[in-house]
$ cat upload_24.cif   # mmCIF, C-alpha atoms, pLDDT in the B column; chains and numbers go by the auth columns
data_target
#
loop_
_atom_site.group_PDB
_atom_site.id
_atom_site.type_symbol
_atom_site.label_atom_id
_atom_site.label_comp_id
_atom_site.label_asym_id
_atom_site.label_seq_id
_atom_site.Cartn_x
_atom_site.Cartn_y
_atom_site.Cartn_z
_atom_site.B_iso_or_equiv
_atom_site.auth_seq_id
_atom_site.auth_asym_id
ATOM 1 C CA MET A 1 0.000 0.000 0.000 83.00 2 A
ATOM 2 C CA ASN A 2 3.019 2.301 0.224 94.00 3 A
ATOM 3 C CA ASP A 3 2.716 2.813 -3.533 97.00 4 A
ATOM 4 C CA PHE A 4 -0.410 4.878 -2.845 98.00 5 A
ATOM 5 C CA SER A 5 1.295 7.155 -0.321 98.00 6 A
ATOM 6 C CA LEU A 6 1.885 10.817 -1.164 98.00 7 A
ATOM 7 C CA GLU A 7 4.092 11.389 1.868 98.00 8 A
ATOM 8 C CA GLY A 8 6.568 14.198 1.195 98.00 9 A
ATOM 9 C CA LYS A 9 4.924 15.216 -2.079 98.00 10 A
ATOM 10 C CA VAL A 10 3.881 18.746 -3.079 98.00 11 A
ATOM 11 C CA ALA A 11 0.686 19.126 -5.096 99.00 12 A
ATOM 12 C CA ILE A 12 -0.689 22.162 -6.914 99.00 13 A
ATOM 13 C CA VAL A 13 -4.501 22.013 -7.055 98.00 14 A
ATOM 14 C CA THR A 14 -6.363 24.723 -8.959 98.00 15 A
ATOM 15 C CA GLY A 15 -9.920 25.696 -8.119 97.00 16 A
ATOM 16 C CA CYS A 16 -9.886 24.155 -4.645 97.00 17 A
ATOM 17 C CA ARG A 17 -11.992 26.629 -2.650 95.00 18 A
ATOM 18 C CA THR A 18 -14.943 24.201 -2.649 93.00 19 A
ATOM 19 C CA GLY A 19 -16.298 21.228 -4.566 94.00 20 A
ATOM 20 C CA LEU A 20 -14.188 18.754 -6.488 97.00 21 A
ATOM 21 C CA GLY A 21 -10.948 20.697 -6.112 97.00 22 A
ATOM 22 C CA GLN A 22 -11.332 20.878 -2.365 97.00 23 A
ATOM 23 C CA GLY A 23 -12.155 17.168 -2.269 97.00 24 A
ATOM 24 C CA VAL A 24 -8.974 16.339 -4.194 98.00 25 A
ATOM 25 C CA ALA A 25 -6.844 18.619 -1.999 98.00 26 A
ATOM 26 C CA LEU A 26 -8.147 16.946 1.153 98.00 27 A
ATOM 27 C CA ALA A 27 -7.624 13.450 -0.268 98.00 28 A
ATOM 28 C CA PHE A 28 -4.028 14.369 -1.133 98.00 29 A
ATOM 29 C CA ALA A 29 -3.451 15.813 2.335 98.00 30 A
ATOM 30 C CA GLU A 30 -4.827 12.659 3.932 98.00 31 A
ATOM 31 C CA ALA A 31 -2.400 10.643 1.764 98.00 32 A
ATOM 32 C CA GLY A 32 0.506 12.800 3.019 98.00 33 A
ATOM 33 C CA ALA A 33 0.945 15.651 0.511 98.00 34 A
ATOM 34 C CA ASP A 34 1.383 19.363 1.150 98.00 35 A
ATOM 35 C CA ILE A 35 -0.859 21.567 -0.974 98.00 36 A
ATOM 36 C CA VAL A 36 -0.462 24.695 -3.070 98.00 37 A
ATOM 37 C CA GLY A 37 -4.067 25.743 -3.600 98.00 38 A
ATOM 38 C CA VAL A 38 -4.998 28.124 -6.406 98.00 39 A
ATOM 39 C CA GLY A 39 -8.227 30.084 -6.586 96.00 40 A
ATOM 40 C CA SER A 40 -9.723 33.386 -7.597 94.00 41 A
ATOM 41 C CA THR A 41 -10.712 34.096 -3.992 93.00 42 A
ATOM 42 C CA ILE A 42 -9.393 33.395 -0.499 93.00 43 A
ATOM 43 C CA LEU A 43 -9.054 29.676 0.280 97.00 44 A
ATOM 44 C CA ASP A 44 -9.309 29.791 4.066 97.00 45 A
ATOM 45 C CA GLU A 45 -11.736 26.880 4.428 97.00 46 A
ATOM 46 C CA THR A 46 -9.568 24.490 2.427 98.00 47 A
ATOM 47 C CA LYS A 47 -6.446 25.755 4.199 98.00 48 A
ATOM 48 C CA ASN A 48 -7.962 25.074 7.632 98.00 49 A
ATOM 49 C CA LEU A 49 -9.124 21.578 6.642 98.00 50 A
ATOM 50 C CA VAL A 50 -5.720 20.647 5.194 98.00 51 A
ATOM 51 C CA GLU A 51 -3.850 21.977 8.213 98.00 52 A
ATOM 52 C CA LYS A 52 -6.120 20.018 10.568 98.00 53 A
ATOM 53 C CA MET A 53 -4.709 16.918 8.871 98.00 54 A
ATOM 54 C CA GLY A 54 -1.200 18.050 9.791 98.00 55 A
ATOM 55 C CA ARG A 55 -0.211 19.061 6.264 98.00 56 A
ATOM 56 C CA LYS A 56 0.972 22.444 4.972 98.00 57 A
ATOM 57 C CA PHE A 57 -1.172 24.631 2.724 98.00 58 A
ATOM 58 C CA VAL A 58 -0.127 27.670 0.705 98.00 59 A
ATOM 59 C CA GLY A 59 -2.926 29.600 -0.975 98.00 60 A
ATOM 60 C CA VAL A 60 -2.416 31.511 -4.230 98.00 61 A
ATOM 61 C CA GLN A 61 -5.003 34.015 -5.403 96.00 62 A
ATOM 62 C CA ALA A 62 -4.840 34.149 -9.188 96.00 63 A
ATOM 63 C CA ASP A 63 -7.053 34.938 -12.161 95.00 64 A
ATOM 64 C CA LEU A 64 -6.666 31.825 -14.278 96.00 65 A
ATOM 65 C CA LYS A 65 -8.140 33.556 -17.310 93.00 66 A
ATOM 66 C CA LYS A 66 -4.790 35.350 -17.566 95.00 67 A
ATOM 67 C CA MET A 67 -1.478 33.836 -18.614 97.00 68 A
ATOM 68 C CA ASP A 68 0.478 35.947 -16.111 96.00 69 A
ATOM 69 C CA SER A 69 -1.081 33.859 -13.322 97.00 70 A
ATOM 70 C CA ILE A 70 1.157 30.913 -14.262 98.00 71 A
ATOM 71 C CA PRO A 71 4.529 32.247 -12.971 98.00 72 A
ATOM 72 C CA LYS A 72 2.789 33.277 -9.756 97.00 73 A
ATOM 73 C CA VAL A 73 1.617 29.710 -9.149 98.00 74 A
ATOM 74 C CA ILE A 74 4.979 28.131 -9.981 98.00 75 A
ATOM 75 C CA ASP A 75 6.880 30.645 -7.853 98.00 76 A
ATOM 76 C CA ALA A 76 4.623 30.007 -4.845 98.00 77 A
ATOM 77 C CA ALA A 77 5.311 26.276 -4.992 98.00 78 A
ATOM 78 C CA ILE A 78 9.073 26.598 -5.469 98.00 79 A
ATOM 79 C CA THR A 79 9.489 29.391 -2.896 98.00 80 A
ATOM 80 C CA ASN A 80 7.525 27.604 -0.180 98.00 81 A
ATOM 81 C CA PHE A 81 8.375 23.972 -0.856 98.00 82 A
ATOM 82 C CA GLY A 82 11.328 23.929 -3.241 98.00 83 A
ATOM 83 C CA LYS A 83 9.642 21.578 -5.697 98.00 84 A
ATOM 84 C CA ILE A 84 6.481 20.400 -7.438 98.00 85 A
ATOM 85 C CA ASP A 85 5.467 16.727 -7.667 98.00 86 A
ATOM 86 C CA ILE A 86 1.827 16.850 -8.748 99.00 87 A
ATOM 87 C CA LEU A 87 -0.412 19.234 -10.688 99.00 88 A
ATOM 88 C CA VAL A 88 -4.200 18.975 -10.715 98.00 89 A
ATOM 89 C CA ASN A 89 -5.896 21.198 -13.296 98.00 90 A
ATOM 90 C CA ASN A 90 -9.330 21.383 -11.730 98.00 91 A
ATOM 91 C CA ALA A 91 -10.369 25.049 -12.092 97.00 92 A
ATOM 92 C CA GLY A 92 -13.187 25.445 -14.583 95.00 93 A
ATOM 93 C CA ILE A 93 -16.336 27.374 -15.401 95.00 94 A
ATOM 94 C CA ILE A 94 -19.487 26.742 -17.410 94.00 95 A
ATOM 95 C CA ARG A 95 -21.867 28.980 -19.344 96.00 96 A
ATOM 96 C CA ARG A 96 -25.363 27.821 -20.329 93.00 97 A
ATOM 97 C CA GLU A 97 -27.146 29.151 -23.411 97.00 98 A
ATOM 98 C CA ASP A 98 -28.659 27.765 -26.600 98.00 99 A
ATOM 99 C CA ALA A 99 -25.929 27.259 -29.196 98.00 100 A
ATOM 100 C CA ILE A 100 -27.801 29.526 -31.612 98.00 101 A
ATOM 101 C CA ASP A 101 -27.545 32.442 -29.157 98.00 102 A
ATOM 102 C CA PHE A 102 -24.148 31.705 -27.586 98.00 103 A
ATOM 103 C CA SER A 103 -21.911 34.774 -27.208 98.00 104 A
ATOM 104 C CA GLU A 104 -18.245 35.196 -28.038 98.00 105 A
ATOM 105 C CA LYS A 105 -17.527 36.294 -24.457 98.00 106 A
ATOM 106 C CA ASP A 106 -19.075 33.143 -22.982 98.00 107 A
ATOM 107 C CA TRP A 107 -17.054 31.110 -25.460 98.00 108 A
ATOM 108 C CA ASP A 108 -13.750 32.845 -24.690 98.00 109 A
ATOM 109 C CA ASP A 109 -14.167 32.939 -20.900 97.00 110 A
ATOM 110 C CA VAL A 110 -14.784 29.203 -20.722 98.00 111 A
ATOM 111 C CA MET A 111 -12.066 28.248 -23.187 98.00 112 A
ATOM 112 C CA ASP A 112 -9.458 30.434 -21.457 98.00 113 A
ATOM 113 C CA ILE A 113 -9.912 28.745 -18.074 97.00 114 A
ATOM 114 C CA ASN A 114 -10.978 25.248 -19.086 98.00 115 A
ATOM 115 C CA ILE A 115 -8.429 24.467 -21.794 98.00 116 A
ATOM 116 C CA LYS A 116 -5.909 27.256 -22.503 98.00 117 A
ATOM 117 C CA ILE A 117 -4.630 27.616 -18.935 98.00 118 A
ATOM 118 C CA VAL A 118 -4.740 23.826 -18.480 98.00 119 A
ATOM 119 C CA PHE A 119 -2.258 23.403 -21.311 98.00 120 A
ATOM 120 C CA PHE A 120 0.085 26.261 -20.428 98.00 121 A
ATOM 121 C CA LEU A 121 0.150 25.556 -16.679 98.00 122 A
ATOM 122 C CA SER A 122 0.877 21.913 -17.498 98.00 123 A
ATOM 123 C CA GLN A 123 3.665 23.078 -19.812 98.00 124 A
ATOM 124 C CA ALA A 124 5.209 25.217 -17.063 98.00 125 A
ATOM 125 C CA VAL A 125 5.060 22.395 -14.511 98.00 126 A
ATOM 126 C CA ALA A 126 6.419 19.882 -17.022 98.00 127 A
ATOM 127 C CA ARG A 127 9.402 22.172 -17.620 98.00 128 A
ATOM 128 C CA GLU A 128 10.104 22.031 -13.879 98.00 129 A
ATOM 129 C CA PHE A 129 9.876 18.233 -13.927 98.00 130 A
ATOM 130 C CA ILE A 130 12.205 18.016 -16.937 98.00 131 A
ATOM 131 C CA ASP A 131 14.733 20.593 -15.714 98.00 132 A
ATOM 132 C CA LYS A 132 15.048 18.881 -12.336 97.00 133 A
ATOM 133 C CA LYS A 133 14.866 15.359 -13.826 98.00 134 A
ATOM 134 C CA THR A 134 12.290 14.356 -11.223 98.00 135 A
ATOM 135 C CA GLY A 135 9.341 13.320 -13.357 98.00 136 A
ATOM 136 C CA GLY A 136 5.913 13.979 -11.941 98.00 137 A
ATOM 137 C CA LYS A 137 2.158 13.609 -12.242 99.00 138 A
ATOM 138 C CA ILE A 138 -0.311 15.837 -14.065 99.00 139 A
ATOM 139 C CA ILE A 139 -4.032 15.212 -13.590 99.00 140 A
ATOM 140 C CA ASN A 140 -6.594 17.101 -15.654 98.00 141 A
ATOM 141 C CA ILE A 141 -10.239 17.270 -14.709 98.00 142 A
ATOM 142 C CA ALA A 142 -12.271 16.391 -17.777 98.00 143 A
ATOM 143 C CA SER A 143 -16.030 15.692 -17.866 97.00 144 A
ATOM 144 C CA MET A 144 -18.768 13.447 -19.213 95.00 145 A
ATOM 145 C CA LEU A 145 -18.839 16.048 -21.963 97.00 146 A
ATOM 146 C CA SER A 146 -15.382 14.903 -22.995 98.00 147 A
ATOM 147 C CA PHE A 147 -17.352 11.945 -24.404 98.00 148 A
ATOM 148 C CA GLN A 148 -20.788 13.458 -25.128 97.00 149 A
ATOM 149 C CA GLY A 149 -22.231 16.575 -26.722 97.00 150 A
ATOM 150 C CA GLY A 150 -24.361 17.967 -23.929 94.00 151 A
ATOM 151 C CA ILE A 151 -27.141 20.527 -24.213 92.00 152 A
ATOM 152 C CA ARG A 152 -26.782 24.336 -24.076 94.00 153 A
ATOM 153 C CA VAL A 153 -23.086 24.225 -23.092 96.00 154 A
ATOM 154 C CA PRO A 154 -21.151 24.425 -26.396 98.00 155 A
ATOM 155 C CA SER A 155 -17.981 26.051 -25.052 98.00 156 A
ATOM 156 C CA TYR A 156 -17.879 23.722 -22.050 98.00 157 A
ATOM 157 C CA THR A 157 -18.237 20.690 -24.327 98.00 158 A
ATOM 158 C CA ALA A 158 -15.515 21.989 -26.626 98.00 159 A
ATOM 159 C CA SER A 159 -13.169 22.697 -23.731 98.00 160 A
ATOM 160 C CA LYS A 160 -13.658 19.359 -22.000 98.00 161 A
ATOM 161 C CA SER A 161 -13.301 17.431 -25.255 98.00 162 A
ATOM 162 C CA GLY A 162 -10.059 19.380 -25.643 98.00 163 A
ATOM 163 C CA VAL A 163 -8.914 18.404 -22.142 98.00 164 A
ATOM 164 C CA LYS A 164 -9.231 14.729 -23.045 98.00 165 A
ATOM 165 C CA GLY A 165 -7.327 15.354 -26.274 98.00 166 A
ATOM 166 C CA ILE A 166 -4.419 17.299 -24.846 98.00 167 A
ATOM 167 C CA THR A 167 -4.125 14.807 -21.997 98.00 168 A
ATOM 168 C CA MET A 168 -3.269 12.176 -24.621 98.00 169 A
ATOM 169 C CA SER A 169 -1.066 14.565 -26.577 98.00 170 A
ATOM 170 C CA MET A 170 1.007 15.651 -23.584 98.00 171 A
ATOM 171 C CA ALA A 171 1.316 12.061 -22.381 98.00 172 A
ATOM 172 C CA ASN A 172 2.705 11.018 -25.769 98.00 173 A
ATOM 173 C CA GLU A 173 5.471 13.622 -25.611 98.00 174 A
ATOM 174 C CA TRP A 174 6.322 13.662 -21.926 98.00 175 A
ATOM 175 C CA ALA A 175 6.189 10.002 -20.898 98.00 176 A
ATOM 176 C CA LYS A 176 9.892 9.688 -21.801 98.00 177 A
ATOM 177 C CA TYR A 177 10.618 12.171 -18.991 98.00 178 A
ATOM 178 C CA ASN A 178 8.724 10.029 -16.440 98.00 179 A
ATOM 179 C CA ILE A 179 5.823 12.446 -16.513 98.00 180 A
ATOM 180 C CA ASN A 180 2.393 10.840 -16.312 99.00 181 A
ATOM 181 C CA VAL A 181 -0.487 12.864 -17.733 99.00 182 A
ATOM 182 C CA ASN A 182 -3.988 11.523 -17.124 99.00 183 A
ATOM 183 C CA ALA A 183 -7.478 12.873 -16.620 99.00 184 A
ATOM 184 C CA ILE A 184 -10.531 12.206 -14.503 98.00 185 A
ATOM 185 C CA ALA A 185 -13.990 12.655 -16.015 98.00 186 A
ATOM 186 C CA PRO A 186 -16.450 13.233 -13.177 97.00 187 A
ATOM 187 C CA GLY A 187 -20.070 12.395 -13.773 96.00 188 A
ATOM 188 C CA TYR A 188 -22.900 14.499 -12.414 94.00 189 A
ATOM 189 C CA MET A 189 -21.514 15.849 -9.148 94.00 190 A
ATOM 190 C CA ALA A 190 -23.145 17.927 -6.434 91.00 191 A
ATOM 191 C CA THR A 191 -21.052 21.091 -6.913 87.00 192 A
ATOM 192 C CA ASP A 192 -21.606 24.785 -7.621 82.00 193 A
ATOM 193 C CA ASN A 193 -21.544 24.131 -11.380 77.00 194 A
ATOM 194 C CA THR A 194 -24.526 21.793 -11.160 86.00 195 A
ATOM 195 C CA THR A 195 -26.657 23.880 -8.802 88.00 196 A
ATOM 196 C CA PRO A 196 -29.032 24.978 -11.612 85.00 197 A
ATOM 197 C CA LEU A 197 -29.479 21.373 -12.755 85.00 198 A
ATOM 198 C CA ARG A 198 -30.160 20.075 -9.270 91.00 199 A
ATOM 199 C CA ALA A 199 -32.642 22.899 -8.686 92.00 200 A
ATOM 200 C CA ASP A 200 -34.556 21.911 -11.833 90.00 201 A
ATOM 201 C CA LYS A 201 -36.661 19.003 -10.534 91.00 202 A
ATOM 202 C CA GLU A 202 -37.544 17.661 -13.980 92.00 203 A
ATOM 203 C CA ARG A 203 -33.955 17.750 -15.260 88.00 204 A
ATOM 204 C CA SER A 204 -32.555 16.367 -12.000 91.00 205 A
ATOM 205 C CA THR A 205 -35.017 13.450 -12.136 93.00 206 A
ATOM 206 C CA GLU A 206 -33.996 12.706 -15.738 92.00 207 A
ATOM 207 C CA ILE A 207 -30.311 12.706 -14.797 92.00 208 A
ATOM 208 C CA LEU A 208 -30.740 10.465 -11.743 94.00 209 A
ATOM 209 C CA ALA A 209 -32.813 8.020 -13.786 94.00 210 A
ATOM 210 C CA ARG A 210 -29.784 7.368 -16.010 95.00 211 A
ATOM 211 C CA ILE A 211 -27.187 7.001 -13.250 97.00 212 A
ATOM 212 C CA PRO A 212 -27.017 3.345 -12.147 97.00 213 A
ATOM 213 C CA ALA A 213 -25.730 4.457 -8.725 97.00 214 A
ATOM 214 C CA ASN A 214 -28.967 6.509 -8.422 94.00 215 A
ATOM 215 C CA ARG A 215 -27.315 9.513 -6.784 95.00 216 A
ATOM 216 C CA TRP A 216 -25.308 12.607 -7.571 95.00 217 A
ATOM 217 C CA GLY A 217 -21.602 12.191 -6.979 96.00 218 A
ATOM 218 C CA THR A 218 -19.718 13.996 -4.223 95.00 219 A
ATOM 219 C CA PRO A 219 -16.240 15.552 -4.069 94.00 220 A
ATOM 220 C CA GLU A 220 -15.181 12.643 -1.854 95.00 221 A
ATOM 221 C CA ASP A 221 -15.977 10.225 -4.696 97.00 222 A
ATOM 222 C CA LEU A 222 -13.078 11.665 -6.695 97.00 223 A
ATOM 223 C CA GLY A 223 -10.472 11.301 -3.945 97.00 224 A
ATOM 224 C CA GLY A 224 -9.405 7.695 -4.442 97.00 225 A
ATOM 225 C CA THR A 225 -8.947 8.015 -8.200 98.00 226 A
ATOM 226 C CA ALA A 226 -7.008 11.257 -7.778 98.00 227 A
ATOM 227 C CA VAL A 227 -4.668 9.749 -5.180 98.00 228 A
ATOM 228 C CA PHE A 228 -4.088 6.726 -7.429 98.00 229 A
ATOM 229 C CA LEU A 229 -3.169 8.917 -10.412 98.00 230 A
ATOM 230 C CA ALA A 230 -0.907 11.092 -8.240 99.00 231 A
ATOM 231 C CA SER A 231 0.937 8.167 -6.694 98.00 232 A
ATOM 232 C CA LYS A 232 3.571 5.609 -7.675 98.00 233 A
ATOM 233 C CA ALA A 233 0.763 3.080 -8.096 98.00 234 A
ATOM 234 C CA SER A 234 -0.114 4.666 -11.468 98.00 235 A
ATOM 235 C CA ASP A 235 3.401 4.857 -12.909 98.00 236 A
ATOM 236 C CA TYR A 236 2.412 2.865 -16.022 98.00 237 A
ATOM 237 C CA VAL A 237 -0.897 4.679 -16.596 98.00 238 A
ATOM 238 C CA ASN A 238 -0.514 7.458 -19.150 98.00 239 A
ATOM 239 C CA GLY A 239 -2.800 9.430 -21.440 98.00 240 A
ATOM 240 C CA PHE A 240 -6.025 7.927 -20.118 98.00 241 A
ATOM 241 C CA THR A 241 -9.261 9.568 -18.982 98.00 242 A
ATOM 242 C CA ILE A 242 -10.952 7.701 -16.130 98.00 243 A
ATOM 243 C CA ALA A 243 -14.698 8.203 -15.689 98.00 244 A
ATOM 244 C CA VAL A 244 -15.924 8.559 -12.116 98.00 245 A
ATOM 245 C CA ASP A 245 -19.596 8.737 -12.954 98.00 246 A
ATOM 246 C CA GLY A 246 -21.675 6.231 -11.005 98.00 247 A
ATOM 247 C CA GLY A 247 -22.071 4.223 -14.212 98.00 248 A
ATOM 248 C CA TRP A 248 -23.436 7.047 -16.405 97.00 249 A
ATOM 249 C CA LEU A 249 -21.379 6.152 -19.497 96.00 250 A
ATOM 250 C CA ALA A 250 -22.174 2.458 -19.122 95.00 251 A
ATOM 251 C CA ARG A 251 -25.934 3.074 -19.364 91.00 252 A
#
$ encode --input "upload_24.cif" --output "structure tokens"
Amino acid sequence: MNDFSLEGKVAIVTGCRTGLGQGVALAFAEAGADIVGVGSTILDETKNLVEKMGRKFVGVQADLKKMDSIPKVIDAAITNFGKIDILVNNAGIIRREDAIDFSEKDWDDVMDINIKIVFFLSQAVAREFIDKKTGGKIINIASMLSFQGGIRVPSYTASKSGVKGITMSMANEWAKYNINVNAIAPGYMATDNTTPLRADKERSTEILARIPANRWGTPEDLGGTAVFLASKASDYVNGFTIAVDGGWLAR
């Protein structure tokens, strides 16, 4: 079981104020990792929860729509911990509108955070791994809409399909440096992004009817898969997107 330990590791987790990102950060802390948390607002709740587990937490406030946020994140990790072992690209947004009426701003905002920054932050972290000859783990948060078209979320679908694609692309190029790049595709999770869906009784009933597990997922449901992909146990897993969806895709 030592292969699943993250003792002594340093993990960057974006978008970890609440929801899936917070769940991943706490799972990593429980497995032994210190956390560099990145968010657009203060991350006090996640910081307190991580520190209660006896791990260190450094919060970085950054606007991930902007490329100049990347050096800030890297510098925080290196300055405070001297290294990076794991990157989780979790930060993401969604905009809902009929495709026929979808605006350029809603397209650009989603694509900037959900795919552009995912690639360039991964690139920056991979350069650290390569320069220091340490290897490392990169985990991207994809979606069911990496596999499906969705309804009224064209930019989100495009971005998450792109996440699955670049996960494979980066894995192909960086595996020779002992860098593992994989993704997790959460199913329908009880998070801020799905609040409108869960509030819509008709739509929520339709969704639950298709999930064999017959429930919405929780941030805790992602923890085990994330720890596996961040640990030595997954050293020969590369370029794959693992669905954590209660059986949604199997239906």
$ closest_atom_pairs --input "upload_24.cif" --of "range 13-104 of chain A" --to "range 199-223 of chain A" --cutoff "10 Å" --atoms "all atoms listed in the file" --output "CSV"
residue,atom,partner,partner_atom,distance
A:Thr19,CA,A:Pro220,CA,8.9
A:Gly20,CA,A:Pro220,CA,5.7
A:Leu21,CA,A:Pro220,CA,4.5
A:Gly22,CA,A:Pro220,CA,7.7
A:Gln23,CA,A:Pro220,CA,7.4
A:Gly24,CA,A:Pro220,CA,4.7
A:Val25,CA,A:Leu223,CA,6.7
A:Leu27,CA,A:Glu221,CA,8.8
A:Ala28,CA,A:Glu221,CA,7.8
$ closest_residue --input "upload_24.cif" --among "A:Ser41, A:Ile71, A:Asp64, A:Gly240" --to "Asn173 in chain A" --atoms "all atoms listed in the file"
A:Gly240
$ closest_residue --input "upload_24.cif" --among "A:Ile243, A:Leu7, A:Met190, A:Ile79" --to "Asn141 in chain A" --atoms "all atoms listed in the file"
A:Ile243
$ atom_distance --input "upload_24.cif" --atom1 "CA of Ile140 in chain A" --atom2 "CA of Ile167 in chain A"
11.5 Å
$ resolve_selection --input "upload_24.cif" --expression "the PyMOL selection byres ((chain A and resi 100-106) around 12)" --output "ChimeraX atom specification"
/A:96-99,107-113,150-159
$ residues_around --input "upload_24.cif" --residues "Ala127 in chain A" --least-positions-apart "3" --cutoff "12 Å" --atoms "all atoms listed in the file" --output "ChimeraX atom specification"
/A:75,84-88,119-124,130-140,171-172,174-182
$ resolve_selection --input "upload_24.cif" --expression "the PyMOL selection byres ((chain A and resi 146) around 12)" --output "PDB file with C-alpha atoms, in the coordinates of the input"
ATOM      1  CA  ILE A  95     -19.487  26.742 -17.410  1.00 94.00           C
ATOM      2  CA  ILE A 142     -10.239  17.270 -14.709  1.00 98.00           C
ATOM      3  CA  ALA A 143     -12.271  16.391 -17.777  1.00 98.00           C
ATOM      4  CA  SER A 144     -16.030  15.692 -17.866  1.00 97.00           C
ATOM      5  CA  MET A 145     -18.768  13.447 -19.213  1.00 95.00           C
ATOM      6  CA  SER A 147     -15.382  14.903 -22.995  1.00 98.00           C
ATOM      7  CA  PHE A 148     -17.352  11.945 -24.404  1.00 98.00           C
ATOM      8  CA  GLN A 149     -20.788  13.458 -25.128  1.00 97.00           C
ATOM      9  CA  GLY A 150     -22.231  16.575 -26.722  1.00 97.00           C
ATOM     10  CA  GLY A 151     -24.361  17.967 -23.929  1.00 94.00           C
ATOM     11  CA  ILE A 152     -27.141  20.527 -24.213  1.00 92.00           C
ATOM     12  CA  ARG A 153     -26.782  24.336 -24.076  1.00 94.00           C
ATOM     13  CA  VAL A 154     -23.086  24.225 -23.092  1.00 96.00           C
ATOM     14  CA  PRO A 155     -21.151  24.425 -26.396  1.00 98.00           C
ATOM     15  CA  SER A 156     -17.981  26.051 -25.052  1.00 98.00           C
ATOM     16  CA  TYR A 157     -17.879  23.722 -22.050  1.00 98.00           C
ATOM     17  CA  THR A 158     -18.237  20.690 -24.327  1.00 98.00           C
ATOM     18  CA  ALA A 159     -15.515  21.989 -26.626  1.00 98.00           C
ATOM     19  CA  SER A 160     -13.169  22.697 -23.731  1.00 98.00           C
ATOM     20  CA  LYS A 161     -13.658  19.359 -22.000  1.00 98.00           C
ATOM     21  CA  SER A 162     -13.301  17.431 -25.255  1.00 98.00           C
ATOM     22  CA  GLY A 163     -10.059  19.380 -25.643  1.00 98.00           C
ATOM     23  CA  VAL A 164      -8.914  18.404 -22.142  1.00 98.00           C
ATOM     24  CA  LYS A 165      -9.231  14.729 -23.045  1.00 98.00           C
ATOM     25  CA  ILE A 185     -10.531  12.206 -14.503  1.00 98.00           C
ATOM     26  CA  ALA A 186     -13.990  12.655 -16.015  1.00 98.00           C
ATOM     27  CA  PRO A 187     -16.450  13.233 -13.177  1.00 97.00           C
ATOM     28  CA  GLY A 188     -20.070  12.395 -13.773  1.00 96.00           C
ATOM     29  CA  TYR A 189     -22.900  14.499 -12.414  1.00 94.00           C
ATOM     30  CA  THR A 242      -9.261   9.568 -18.982  1.00 98.00           C
ATOM     31  CA  ALA A 244     -14.698   8.203 -15.689  1.00 98.00           C
ATOM     32  CA  ASP A 246     -19.596   8.737 -12.954  1.00 98.00           C
ATOM     33  CA  TRP A 249     -23.436   7.047 -16.405  1.00 97.00           C
ATOM     34  CA  LEU A 250     -21.379   6.152 -19.497  1.00 96.00           C
TER      35      LEU A 250
END
